[in-house]
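K.L.:
Can you read through this structure? Questions will come right after.
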Amino acid sequence: MSITGQTTNATRRPTEAERELPPRERLVRAASRLFYYEGVRAIGVERLIAEAGVTKATFYRHFASKDDLVVAYLLTKDAYYRAVAEPLAAGHPPAEAVDLIFEAIAEHARERGFRGSPFMNAAAEYPDAGHPVRRLVASHRDWLRTLFQDLLDRLGHADPQSAAGALLMLYDGAMVAGYLDDSTAARTTLLDAVRLIRSAR
């Protein structure tokens, strides 16, 4: 599970292969690098245009504002997380699926360049809960909570709703600990806590 990559404060020009991509995809890829590593508010439209190798007119043909590009960036992350977690949930017994999903999260948090959850990072820069960015973050979290609750239902957990909330809090903590703490120790703590929660009957 990988959403990370390397970047620097210097403007990164698109590679030859990237120049062959449609302009919208180049913009979303540039946004993914820059927003994740440097923050949404720190990156202006001019920097995005330079990194994507497009014109200002092309930018505004695809995105009415930078906020629209932030939403597009987060939608790619949401789709990626779903593509990792949903096959695990569908393809394994529920207890194993829960463990495998959190093992993927733990490995993700150990990747070079990991800087926490792109959703929590973006939410911290948008205080208005009604903003489209915050609504997308809420939708992503609702999907995770529902995924956990469905697995716990299948497992016959005594209180799947509360336990799903606890697993979501563990996910949040894993995103923070993977960035700020020893990611190897955080992995052990995370997986032990997950097994305690999902084993309750």
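For the structure tokens, the naming scheme is as follows: chains receive sequential letters (A, B, ...) according to their order of presentation, residues are indexed from 1 within each chain, and ligands are indexed from 1 in presentation order.
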Given only C-alpha atoms, how would the per-residue table for stretch 140-177 of chain A near stretch 104-118 of chain A read, listing every residue at most 10 Å away with its closest atom pair and distance in Å to one decimal, sorted by chain and number, as a Markdown table?

P.N.:
```
| residue | atom | partner | partner_atom | distance |
| --- | --- | --- | --- | --- |
| A:Tyr171 | CA | A:Ile105 | CA | 7.7 |
| A:Asp172 | CA | A:Ser117 | CA | 7.9 |
| A:Gly173 | CA | A:Gly116 | CA | 9.6 |
| A:Ala174 | CA | A:Ala106 | CA | 7.0 |
| A:Met175 | CA | A:Gly116 | CA | 4.8 |
| A:Val176 | CA | A:Gly116 | CA | 5.7 |
| A:Ala177 | CA | A:Ala109 | CA | 8.2 |
```

K.L.:
According to DSSP computed on the backbone, where in stretch 12-170 of chain A is there alpha helix (DSSP H)? Give the residues as an MDAnalysis selection string.

P.N.:
chainID A and resid 16:19 23:38 45:52 56:62 66:91 94:109 118:124 132:155 160:170

K.L.:
What is the distance, in Å and to one decimal place, between atom CA of A:Arg187 and atom CA of A:Glu103?

P.N.:
7.9 Å

K.L.:
List the spatial neighbours of A:Val98 as a list in words - criterion: any atom at most 8 Å away, only C-alpha atoms, same-chain residues fewer than 5 positions off excluded.

P.N.:
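Residues near the query, excluding close chain neighbours: Ala89, Phe148, Leu151, Val194 and Arg198 of chain A.
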
K.L.:
Please produce an output containing N, CA, C and O atoms for each residue in the selection, written as a PDB file, in the first residue's frame.

P.N.:
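Once everything was written out, this is result_17.pdb:
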```pdb
ATOM      1  N   ALA A  89     -11.468  -7.342   2.362  1.00  0.00           N
ATOM      2  CA  ALA A  89     -12.715  -7.572   3.101  1.00  0.00           C
ATOM      3  C   ALA A  89     -13.575  -8.633   2.429  1.00  0.00           C
ATOM      4  O   ALA A  89     -14.224  -9.445   3.101  1.00  0.00           O
ATOM      5  N   PHE A 148     -15.507  -1.507   8.512  1.00  0.00           N
ATOM      6  CA  PHE A 148     -15.170  -2.178   9.766  1.00  0.00           C
ATOM      7  C   PHE A 148     -16.413  -2.787  10.412  1.00  0.00           C
ATOM      8  O   PHE A 148     -16.388  -3.929  10.893  1.00  0.00           O
ATOM      9  N   LEU A 151     -17.582  -5.990   8.693  1.00  0.00           N
ATOM     10  CA  LEU A 151     -16.720  -7.126   9.016  1.00  0.00           C
ATOM     11  C   LEU A 151     -16.992  -7.636  10.430  1.00  0.00           C
ATOM     12  O   LEU A 151     -17.044  -8.848  10.677  1.00  0.00           O
ATOM     13  N   VAL A 194      -5.854  -4.077  17.649  1.00  0.00           N
ATOM     14  CA  VAL A 194      -6.887  -4.505  16.702  1.00  0.00           C
ATOM     15  C   VAL A 194      -7.422  -5.881  17.070  1.00  0.00           C
ATOM     16  O   VAL A 194      -8.642  -6.112  17.091  1.00  0.00           O
ATOM     17  N   ARG A 198     -11.387  -6.722  17.959  1.00  0.00           N
ATOM     18  CA  ARG A 198     -12.222  -7.595  17.103  1.00  0.00           C
ATOM     19  C   ARG A 198     -12.515  -8.941  17.738  1.00  0.00           C
ATOM     20  O   ARG A 198     -13.406  -9.663  17.303  1.00  0.00           O
TER      21      ARG A 198
END
```

K.L.:
Compile the contact shell of stretch 139-141 of chain A as a ChimeraX atom specification: residues with an atom at most 12 Å away, counting only C-alpha atoms, same-chain residues fewer than 5 positions apart removed.

P.N.:
/A:71,74-82,117-120,123,129,132-134,146-148,164-165,167-169,171-172

K.L.:
Report, in Å with one decimal, the straight-line distance from atom CA of A:His131 to atom CA of A:Lys66.

P.N.:
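Value for the atom CA of A:His131-atom CA of A:Lys66 distance: 13.1 Å.
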
K.L.:
Rounded to one decimal in Å, what is the spacing between atom CA of A:Gly156 and atom CA of A:Arg195?

P.N.:
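Atom CA of A:Arg195 lies 14.3 Å from atom CA of A:Gly156.
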
K.L.:
Name all residues at most 9 Å from A:Arg154 (count only C-alpha atoms; drop same-chain ones fewer than 5 positions away) and give them as a ChimeraX atom specification.

P.N.:
/A:93-95,149

K.L.:
Which is closest to A:Glu46 among A:Tyr60, A:Arg33, A:Leu144, A:Asp68, if we use only C-alpha atoms?

P.N.:
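Checking each of A:Tyr60, A:Arg33, A:Leu144, A:Asp68 against A:Glu46, counting only C-alpha atoms, the winner is A:Tyr60.
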
K.L.:
I'd like the contact shell of A:Ala72 - 10 Å cut-off, only C-alpha atoms, skipping same-chain residues fewer than 6 positions apart - returned as a list in words.

P.N.:
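So, after excluding close chain neighbours, the residues are Arg24, Glu25, Leu27, Val28, Arg29, Ala31, Ser32, Phe63, Lys66, Asp78, Val133 and Leu136 of chain A.
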
K.L.:
Could those selected residues go to a file with N, CA and C atoms, as a PDB file, in the first residue's frame?

P.N.:
```pdb
ATOM      1  N   ARG A  24      -5.120  16.898 -17.399  1.00  0.00           N
ATOM      2  CA  ARG A  24      -5.810  16.774 -16.108  1.00  0.00           C
ATOM      3  C   ARG A  24      -5.085  15.793 -15.201  1.00  0.00           C
ATOM      4  N   GLU A  25      -4.660  14.663 -15.766  1.00  0.00           N
ATOM      5  CA  GLU A  25      -3.956  13.675 -14.954  1.00  0.00           C
ATOM      6  C   GLU A  25      -2.613  14.220 -14.481  1.00  0.00           C
ATOM      7  N   LEU A  27      -1.961  17.296 -13.775  1.00  0.00           N
ATOM      8  CA  LEU A  27      -2.270  18.217 -12.681  1.00  0.00           C
ATOM      9  C   LEU A  27      -2.572  17.466 -11.387  1.00  0.00           C
ATOM     10  N   VAL A  28      -3.340  16.398 -11.493  1.00  0.00           N
ATOM     11  CA  VAL A  28      -3.679  15.632 -10.287  1.00  0.00           C
ATOM     12  C   VAL A  28      -2.437  14.964  -9.706  1.00  0.00           C
ATOM     13  N   ARG A  29      -1.570  14.463 -10.569  1.00  0.00           N
ATOM     14  CA  ARG A  29      -0.333  13.847 -10.077  1.00  0.00           C
ATOM     15  C   ARG A  29       0.568  14.875  -9.402  1.00  0.00           C
ATOM     16  N   ALA A  31      -0.424  17.634  -7.996  1.00  0.00           N
ATOM     17  CA  ALA A  31      -1.100  17.988  -6.744  1.00  0.00           C
ATOM     18  C   ALA A  31      -0.864  16.926  -5.681  1.00  0.00           C
ATOM     19  N   SER A  32      -0.891  15.669  -6.076  1.00  0.00           N
ATOM     20  CA  SER A  32      -0.685  14.582  -5.114  1.00  0.00           C
ATOM     21  C   SER A  32       0.683  14.677  -4.458  1.00  0.00           C
ATOM     22  N   PHE A  63     -10.190  22.698 -13.815  1.00  0.00           N
ATOM     23  CA  PHE A  63     -10.530  22.962 -12.413  1.00  0.00           C
ATOM     24  C   PHE A  63     -10.892  24.434 -12.240  1.00  0.00           C
ATOM     25  N   LYS A  66      -8.406  26.018  -7.139  1.00  0.00           N
ATOM     26  CA  LYS A  66      -7.467  25.077  -6.523  1.00  0.00           C
ATOM     27  C   LYS A  66      -8.209  24.100  -5.623  1.00  0.00           C
ATOM     28  N   ASP A  78      -8.811   8.271  -2.011  1.00  0.00           N
ATOM     29  CA  ASP A  78      -9.951   7.476  -1.568  1.00  0.00           C
ATOM     30  C   ASP A  78     -10.088   6.216  -2.429  1.00  0.00           C
ATOM     31  N   VAL A 133     -14.046  19.829   0.596  1.00  0.00           N
ATOM     32  CA  VAL A 133     -12.908  19.005   1.035  1.00  0.00           C
ATOM     33  C   VAL A 133     -13.258  18.261   2.314  1.00  0.00           C
ATOM     34  N   LEU A 136     -15.709  15.459   1.686  1.00  0.00           N
ATOM     35  CA  LEU A 136     -15.058  14.281   1.118  1.00  0.00           C
ATOM     36  C   LEU A 136     -14.304  13.507   2.187  1.00  0.00           C
TER      37      LEU A 136
END
```

K.L.:
Leaving out A:Pro87 and any residue of its chain fewer than 5 positions from it, which residues lie within 10 Å of it when counting only C-alpha atoms, given as a list in words?

P.N.:
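That gives Arg82, His92, Ala97 and Ile101 of chain A.
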
K.L.:
Suppose we keep N, CA, C and O atoms; can you now write the selection as a compact mmCIF listing (two decimals), in the first residue's frame?

P.N.:
```
# COMPACT_ATOMS: atom_id res chain seq x y z
N ARG A 82 -9.65 2.27 -1.09
CA ARG A 82 -10.73 1.31 -1.33
C ARG A 82 -10.23 0.11 -2.12
O ARG A 82 -10.61 -1.04 -1.84
N HIS A 92 -11.62 -12.69 2.31
CA HIS A 92 -11.11 -13.43 3.47
C HIS A 92 -12.18 -13.52 4.55
O HIS A 92 -13.09 -12.68 4.60
N ALA A 97 -9.68 -10.74 7.57
CA ALA A 97 -9.77 -9.51 6.77
C ALA A 97 -9.43 -8.28 7.60
O ALA A 97 -8.70 -7.40 7.14
N ILE A 101 -6.25 -5.88 6.72
CA ILE A 101 -6.42 -4.45 6.43
C ILE A 101 -5.50 -3.62 7.32
O ILE A 101 -4.81 -2.70 6.85
```

K.L.:
My list of candidates is A:Tyr179, A:Phe102, A:Tyr36, A:Phe59. Which is closest to A:Asn121 when distances are computed with only C-alpha atoms?

P.N.:
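Residue with the minimum atom-to-atom distance to A:Asn121: A:Tyr36.
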
K.L.:
When you count only C-alpha atoms, which of these residues is closest to A:Glu20: A:Gly91, A:Pro160, A:Gly53, A:Gly178?

P.N.:
A:Gly53
